file entry_36.txt (compact mmCIF, C-alpha atoms)
# COMPACT_ATOMS: atom_id res chain seq x y z
CA MET A 1 99.16 104.72 106.20
CA ASN A 2 100.69 103.75 109.51
CA GLY A 3 99.80 100.07 109.11
CA LEU A 4 101.19 96.81 110.44
CA HIS A 5 103.01 96.22 107.14
CA ASP A 6 105.48 98.88 108.28
CA LEU A 7 107.26 96.50 110.63
CA GLY A 8 110.60 98.27 111.01
CA GLY A 9 111.39 98.77 114.70
CA ILE A 10 108.63 96.50 116.03
CA GLN A 11 110.02 94.11 118.66
CA GLY A 12 108.86 90.69 119.84
CA LEU A 13 108.09 89.09 116.48
CA GLY A 14 110.96 86.61 116.76
CA PRO A 15 113.68 85.87 114.21
CA VAL A 16 113.03 86.00 110.47
CA PRO A 17 112.78 82.35 109.37
CA ARG A 18 115.14 81.53 106.51
CA GLU A 19 114.10 78.51 104.54
CA GLU A 20 116.44 76.44 102.35
CA ASN A 21 115.06 76.13 98.80
CA GLU A 22 111.98 78.17 99.61
CA PRO A 23 109.30 77.35 97.01
CA ILE A 24 107.88 80.15 94.84
CA PHE A 25 104.36 78.81 95.46
CA ARG A 26 103.29 76.75 98.48
CA ALA A 27 99.99 75.59 97.00
CA GLU A 28 98.43 75.20 93.55
CA TRP A 29 95.87 77.94 94.21
CA GLU A 30 98.65 80.46 94.81
CA LYS A 31 99.69 80.10 91.15
CA ARG A 32 96.17 81.09 90.11
CA VAL A 33 96.30 84.16 92.36
CA PHE A 34 99.59 85.20 90.76
CA ALA A 35 97.95 84.81 87.32
CA LEU A 36 94.98 86.84 88.58
CA MET A 37 97.36 89.66 89.48
CA VAL A 38 99.00 89.53 86.03
CA SER A 39 95.64 89.68 84.24
CA THR A 40 94.14 92.46 86.42
CA LEU A 41 97.05 94.70 87.44
CA GLY A 42 98.96 93.83 84.25
CA GLY A 43 95.81 94.23 82.18
CA GLY A 44 95.27 97.75 83.51
CA ALA A 45 92.28 97.24 85.87
CA PHE A 46 94.20 99.17 88.54
CA ASN A 47 97.76 100.39 89.04
CA ALA A 48 100.63 99.17 91.25
CA GLY A 49 100.06 101.86 93.89
CA GLU A 50 96.38 100.96 94.21
CA PHE A 51 97.35 97.27 94.44
CA ARG A 52 99.97 97.80 97.19
CA HIS A 53 97.63 100.10 99.08
CA ALA A 54 94.88 97.43 98.94
CA VAL A 55 96.97 94.38 99.91
CA ASN A 56 98.93 96.08 102.70
CA GLU A 57 97.30 99.16 104.15
CA ARG A 58 93.60 98.90 103.38
CA LEU A 59 93.11 95.38 104.71
CA ASN A 60 91.62 95.08 108.14
CA GLN A 61 94.80 95.26 110.22
CA SER A 62 94.05 92.15 112.27
CA GLN A 63 93.67 90.31 108.93
CA TYR A 64 97.07 91.58 107.87
CA LEU A 65 98.71 89.41 110.51
CA THR A 66 96.63 86.27 109.96
CA LEU A 67 96.38 86.01 106.16
CA ASN A 68 99.29 84.69 104.13
CA TYR A 69 100.89 86.58 101.24
CA TYR A 70 98.63 85.36 98.42
CA GLU A 71 95.51 85.40 100.62
CA ARG A 72 96.12 89.13 101.03
CA TRP A 73 96.42 89.44 97.24
CA VAL A 74 93.01 87.76 96.79
CA GLN A 75 91.39 90.11 99.32
CA GLY A 76 92.95 93.17 97.71
CA ILE A 77 92.14 92.18 94.12
CA GLU A 78 88.51 91.41 95.08
CA MET A 79 88.20 94.80 96.77
CA LEU A 80 89.59 96.67 93.74
CA LEU A 81 87.62 94.76 91.08
CA ILE A 82 84.39 95.53 92.95
CA GLU A 83 85.30 99.21 93.40
CA LYS A 84 86.21 99.53 89.73
CA GLY A 85 82.84 98.03 88.77
CA LEU A 86 84.37 95.06 86.95
CA ILE A 87 82.56 92.55 89.17
CA THR A 88 79.88 92.86 91.84
CA ARG A 89 79.84 91.43 95.36
CA ASP A 90 76.68 89.46 94.34
CA GLU A 91 78.45 87.85 91.39
CA LEU A 92 81.31 86.85 93.66
CA GLU A 93 78.98 85.36 96.33
CA THR A 94 77.02 83.46 93.64
CA ARG A 95 80.24 82.02 92.30
CA PHE A 96 81.44 81.03 95.81
CA GLU A 97 78.12 79.19 96.40
CA LYS A 98 78.36 77.37 93.06
CA LEU A 99 81.94 76.28 93.76
CA ALA A 100 81.04 75.14 97.29
CA LYS A 101 78.19 72.98 95.88
CA GLU A 102 80.49 71.48 93.24
CA ALA A 103 82.99 70.61 95.95
CA ASP A 104 80.37 68.73 98.02
CA MET B 1 91.85 97.15 79.73
CA ARG B 2 94.03 95.11 77.43
CA VAL B 3 93.47 91.42 76.86
CA VAL B 4 96.19 89.41 78.62
CA THR B 5 97.13 86.52 76.34
CA PRO B 6 99.92 84.13 77.43
CA GLN B 7 102.33 86.17 75.29
CA VAL B 8 101.25 89.47 76.89
CA ALA B 9 101.48 87.84 80.35
CA ARG B 10 105.10 86.92 79.67
CA GLN B 11 105.80 90.53 78.61
CA ILE B 12 104.14 91.87 81.82
CA ILE B 13 106.04 89.52 84.14
CA HIS B 14 109.46 90.05 82.58
CA HIS B 15 109.39 93.69 81.48
CA GLU B 16 106.71 95.74 83.22
CA GLY B 17 107.57 95.58 86.91
CA SER B 18 109.23 98.98 87.14
CA ALA B 19 107.67 102.31 88.09
CA ARG B 20 110.44 104.12 86.17
CA ILE B 21 108.97 106.76 83.90
CA ASP B 22 110.41 108.65 80.96
CA ALA B 23 110.08 112.28 82.12
CA GLU B 24 112.42 115.24 82.42
CA VAL B 25 112.33 116.30 86.07
CA VAL B 26 114.92 118.39 87.86
CA PRO B 27 116.21 116.60 91.00
CA ARG B 28 115.76 118.60 94.22
CA PHE B 29 118.80 116.97 95.82
CA SER B 30 122.35 116.19 94.80
CA LEU B 31 124.81 113.47 95.82
CA ASP B 32 126.18 113.73 99.39
CA GLU B 33 123.56 116.32 100.31
CA ARG B 34 122.14 116.08 103.84
CA VAL B 35 118.37 115.52 103.85
CA THR B 36 115.73 115.18 106.55
CA VAL B 37 112.74 112.94 105.92
CA ARG B 38 109.44 114.76 106.39
CA ASN B 39 107.47 113.68 109.45
CA ILE B 40 104.28 112.82 107.56
CA HIS B 41 101.51 110.36 108.49
CA PRO B 42 99.23 110.25 105.45
CA CYS B 43 95.96 108.31 105.70
CA GLY B 44 96.47 107.09 102.13
CA HIS B 45 99.20 105.06 100.46
CA THR B 46 102.82 105.88 101.20
CA ARG B 47 106.15 104.10 100.88
CA VAL B 48 108.08 106.05 103.47
CA PRO B 49 108.59 103.84 106.55
CA ARG B 50 107.89 105.32 109.98
CA TYR B 51 111.40 104.65 111.31
CA VAL B 52 113.04 107.15 108.94
CA ARG B 53 110.52 109.97 109.39
CA GLY B 54 112.12 113.01 110.96
CA LYS B 55 115.58 111.45 110.55
CA THR B 56 118.55 112.92 108.70
CA GLY B 57 120.65 111.07 106.14
CA LEU B 58 122.88 111.53 103.09
CA ILE B 59 121.93 111.21 99.42
CA GLU B 60 123.97 108.25 98.22
CA ARG B 61 122.67 107.74 94.70
CA ASP B 62 120.09 109.16 92.26
CA TYR B 63 118.20 106.40 90.42
CA GLY B 64 116.30 108.65 88.01
CA VAL B 65 112.62 109.46 87.64
CA PHE B 66 109.75 107.29 88.89
CA ILE B 67 105.98 107.41 89.39
CA PHE B 68 105.07 108.78 92.85
CA PRO B 69 103.02 106.06 94.59
CA ASP B 70 101.38 108.40 97.12
CA THR B 71 99.43 110.21 94.37
CA SER B 72 99.16 107.46 91.76
CA ALA B 73 97.47 105.08 94.25
CA HIS B 74 94.64 107.63 94.62
CA GLY B 75 94.00 108.67 91.02
CA LYS B 76 95.89 111.92 91.60
CA GLY B 77 98.38 111.53 88.79
CA ASN B 78 101.89 110.12 88.39
CA LYS B 79 103.71 113.20 89.76
CA PRO B 80 107.02 111.94 88.27
CA GLN B 81 110.04 112.65 90.49
CA HIS B 82 113.51 111.42 91.38
CA VAL B 83 114.06 108.45 93.68
CA TYR B 84 117.28 108.37 95.68
CA ASN B 85 119.17 105.90 97.77
CA VAL B 86 119.65 107.55 101.17
CA ARG B 87 122.13 106.51 103.84
CA PHE B 88 121.25 106.71 107.53
CA CYS B 89 123.56 106.00 110.45
CA ALA B 90 122.09 103.25 112.68
CA GLN B 91 122.48 105.52 115.71
CA GLU B 92 120.36 108.20 113.99
CA LEU B 93 117.54 105.65 113.63
CA TRP B 94 117.86 103.50 116.74
CA GLY B 95 119.76 105.55 119.28
CA LEU B 96 123.21 105.38 120.83
CA ALA B 97 122.90 101.67 121.70
CA ALA B 98 123.16 100.90 117.96
CA SER B 99 126.58 100.47 116.34
CA GLU B 100 128.20 103.63 115.01
CA ARG B 101 129.57 101.51 112.16
CA ASP B 102 126.18 100.30 110.89
CA PHE B 103 124.27 102.12 108.16
CA LEU B 104 120.87 101.67 106.58
CA TYR B 105 120.43 102.38 102.85
CA ILE B 106 116.88 103.03 101.79
CA ASP B 107 115.18 104.24 98.60
CA LEU B 108 113.10 107.39 99.02
CA TRP B 109 111.11 109.63 96.67
CA ASP B 110 111.94 113.33 96.32
CA ASP B 111 108.68 114.49 97.98
CA TYR B 112 109.49 112.56 101.18
CA MET B 113 112.49 114.78 101.98
CA GLU B 114 113.61 118.30 102.80
CA PRO B 115 117.13 119.80 102.80
CA ALA B 116 118.67 119.27 106.25

call {"tool": "encode", "arguments": {"input": "entry_36.txt", "output": "structure tokens"}}
result
Amino acid sequence: MNGLHDLGGIQGLGPVPREENEPIFRAEWEKRVFALMVSTLGGGAFNAGEFRHAVNERLNQSQYLTLNYYERWVQGIEMLLIEKGLITRDELETRFEKLAKEAD
Amino acid sequence: MRVVTPQVARQIIHHEGSARIDAEVVPRFSLDERVTVRNIHPCGHTRVPRYVRGKTGLIERDYGVFIFPDTSAHGKGNKPQHVYNVRFCAQELWGLAASERDFLYIDLWDDYMEPA
């Protein structure tokens, strides 16, 4: 797909920031998302092509520019797990509500 | 689906990242052969960047046989094929304002290319 992930040749995005000692994870939740990828992609719920297609090309293209790396993984994994029938959108929403209440 | 225990997770992270596949496939291209990248714009998954489409380069290296992402991402099979490193002159990609001494090396699947 001709998506925004295919950045080669696009001008006006500024220099690529190079960070000294760049951390592997910037937040605790990102570690959980990495583990989620290992248990779903690694477990065989979907393959690497489906995963790349979901996290890069199939995302709403305005989201592609605003979400960070692991946020895109969450969106893509959710999309695929629902499509594969492993979870439902309702189950996900119910869980979000429960977690939001616990956080209050 | 297999159950991912901590031990299996370690195996996945350290040893299962590659799309290399054990299959006997005849390569369509040989080293130093001139190839032109097909000008394709598939609606589905692809790993051929826009800036090399329609451009001509040289086969630099043959890595062996890999799963083809364009079909495998859509349940259409692995379609095992060779992946090559292909060398493009910067001027071929970006015009005469680019340096004639700069080159771009990019990995491309067999199906993305035609003999030049």

call {"tool": "residues_around", "arguments": {"input": "entry_36.txt", "residues": "stretch 83-91 of chain B", "least_positions_apart": "4", "cutoff": "10 Å", "atoms": "all atoms listed in the file", "output": "ChimeraX atom specification"}}
result
/B:20,27,29-35,37,52,55-68,95-112

call {"tool": "atom_distance", "arguments": {"input": "entry_36.txt", "atom1": "atom CA of B:Pro49", "atom2": "atom CA of A:Leu4"}}
result
10.9 Å

call {"tool": "closest_residue", "arguments": {"input": "entry_36.txt", "among": "B:His82, B:Arg53, B:His14, B:His41", "to": "chain A", "atoms": "all atoms listed in the file"}}
result
B:His41

call {"tool": "closest_atom_pairs", "arguments": {"input": "entry_36.txt", "of": "chain A", "to": "chain B", "cutoff": "6 Å", "atoms": "only C-alpha atoms", "output": "Markdown table"}}
result
| residue | atom | partner | partner_atom | distance |
| --- | --- | --- | --- | --- |
| A:Met1 | CA | B:Cys43 | CA | 4.8 |
| A:Ser39 | CA | B:Val4 | CA | 5.7 |
| A:Gly43 | CA | B:Arg2 | CA | 5.1 |
| A:Gly44 | CA | B:Met1 | CA | 5.1 |
| A:Gly49 | CA | B:Ala73 | CA | 4.1 |
| A:Glu50 | CA | B:Ala73 | CA | 4.3 |
| A:His53 | CA | B:His45 | CA | 5.4 |

call {"tool": "atom_distance", "arguments": {"input": "entry_36.txt", "atom1": "atom CA of A:Tyr70", "atom2": "atom CA of A:Ala27"}}
result
10.0 Å

call {"tool": "atom_distance", "arguments": {"input": "entry_36.txt", "atom1": "atom CA of B:Pro115", "atom2": "atom CA of B:Arg28"}}
result
8.8 Å

call {"tool": "closest_residue", "arguments": {"input": "entry_36.txt", "among": "B:Glu92, B:Met113, B:Pro80, B:His15", "to": "A:Gly42", "atoms": "only C-alpha atoms"}}
result
B:His15

call {"tool": "closest_residue", "arguments": {"input": "entry_36.txt", "among": "A:Leu86, A:Ala100, A:Met37, A:Ile24", "to": "A:Arg72", "atoms": "all atoms listed in the file"}}
result
A:Met37

call {"tool": "residues_around", "arguments": {"input": "entry_36.txt", "residues": "A:Tyr64", "least_positions_apart": "4", "cutoff": "12 Å", "atoms": "all atoms listed in the file", "output": "PyMOL selection string"}}
result
chain A and resi 3-7+54-60+68-73+75-76

call {"tool": "build_atoms", "arguments": {"input": "entry_36.txt", "residues": "stretch 1-16 of chain B", "atoms": "N, CA and C atoms", "output": "mmCIF file, in the coordinates of the input"}}
result
data_model
loop_
_atom_site.group_PDB
_atom_site.id
_atom_site.type_symbol
_atom_site.label_atom_id
_atom_site.label_comp_id
_atom_site.auth_asym_id
_atom_site.auth_seq_id
_atom_site.Cartn_x
_atom_site.Cartn_y
_atom_site.Cartn_z
ATOM 1 N N MET B 1 90.985 98.274 79.318
ATOM 2 C CA MET B 1 91.850 97.150 79.730
ATOM 3 C C MET B 1 92.309 96.365 78.523
ATOM 4 N N ARG B 2 93.562 95.942 78.536
ATOM 5 C CA ARG B 2 94.030 95.110 77.430
ATOM 6 C C ARG B 2 93.810 93.635 77.747
ATOM 7 N N VAL B 3 93.663 92.855 76.688
ATOM 8 C CA VAL B 3 93.470 91.420 76.860
ATOM 9 C C VAL B 3 94.829 90.777 77.144
ATOM 10 N N VAL B 4 94.907 90.023 78.241
ATOM 11 C CA VAL B 4 96.190 89.410 78.620
ATOM 12 C C VAL B 4 96.263 87.978 78.087
ATOM 13 N N THR B 5 96.873 87.848 76.916
ATOM 14 C CA THR B 5 97.130 86.520 76.340
ATOM 15 C C THR B 5 98.390 85.970 77.009
ATOM 16 N N PRO B 6 98.686 84.670 76.838
ATOM 17 C CA PRO B 6 99.920 84.130 77.430
ATOM 18 C C PRO B 6 101.155 84.922 77.020
ATOM 19 N N GLN B 7 101.179 85.397 75.778
ATOM 20 C CA GLN B 7 102.330 86.170 75.290
ATOM 21 C C GLN B 7 102.426 87.515 76.017
ATOM 22 N N VAL B 8 101.284 88.184 76.179
ATOM 23 C CA VAL B 8 101.250 89.470 76.890
ATOM 24 C C VAL B 8 101.632 89.256 78.363
ATOM 25 N N ALA B 9 101.169 88.148 78.947
ATOM 26 C CA ALA B 9 101.480 87.840 80.350
ATOM 27 C C ALA B 9 102.989 87.734 80.543
ATOM 28 N N ARG B 10 103.649 87.074 79.588
ATOM 29 C CA ARG B 10 105.100 86.920 79.670
ATOM 30 C C ARG B 10 105.777 88.307 79.634
ATOM 31 N N GLN B 11 105.275 89.169 78.741
ATOM 32 C CA GLN B 11 105.800 90.530 78.610
ATOM 33 C C GLN B 11 105.615 91.293 79.936
ATOM 34 N N ILE B 12 104.442 91.172 80.559
ATOM 35 C CA ILE B 12 104.140 91.870 81.820
ATOM 36 C C ILE B 12 105.100 91.405 82.922
ATOM 37 N N ILE B 13 105.236 90.073 83.051
ATOM 38 C CA ILE B 13 106.040 89.520 84.140
ATOM 39 C C ILE B 13 107.521 89.886 83.996
ATOM 40 N N HIS B 14 108.022 89.852 82.762
ATOM 41 C CA HIS B 14 109.460 90.050 82.580
ATOM 42 C C HIS B 14 109.873 91.500 82.367
ATOM 43 N N HIS B 15 108.956 92.344 81.891
ATOM 44 C CA HIS B 15 109.390 93.690 81.480
ATOM 45 C C HIS B 15 108.605 94.851 82.073
ATOM 46 N N GLU B 16 107.548 94.601 82.824
ATOM 47 C CA GLU B 16 106.710 95.740 83.220
ATOM 48 C C GLU B 16 106.641 95.959 84.730
#
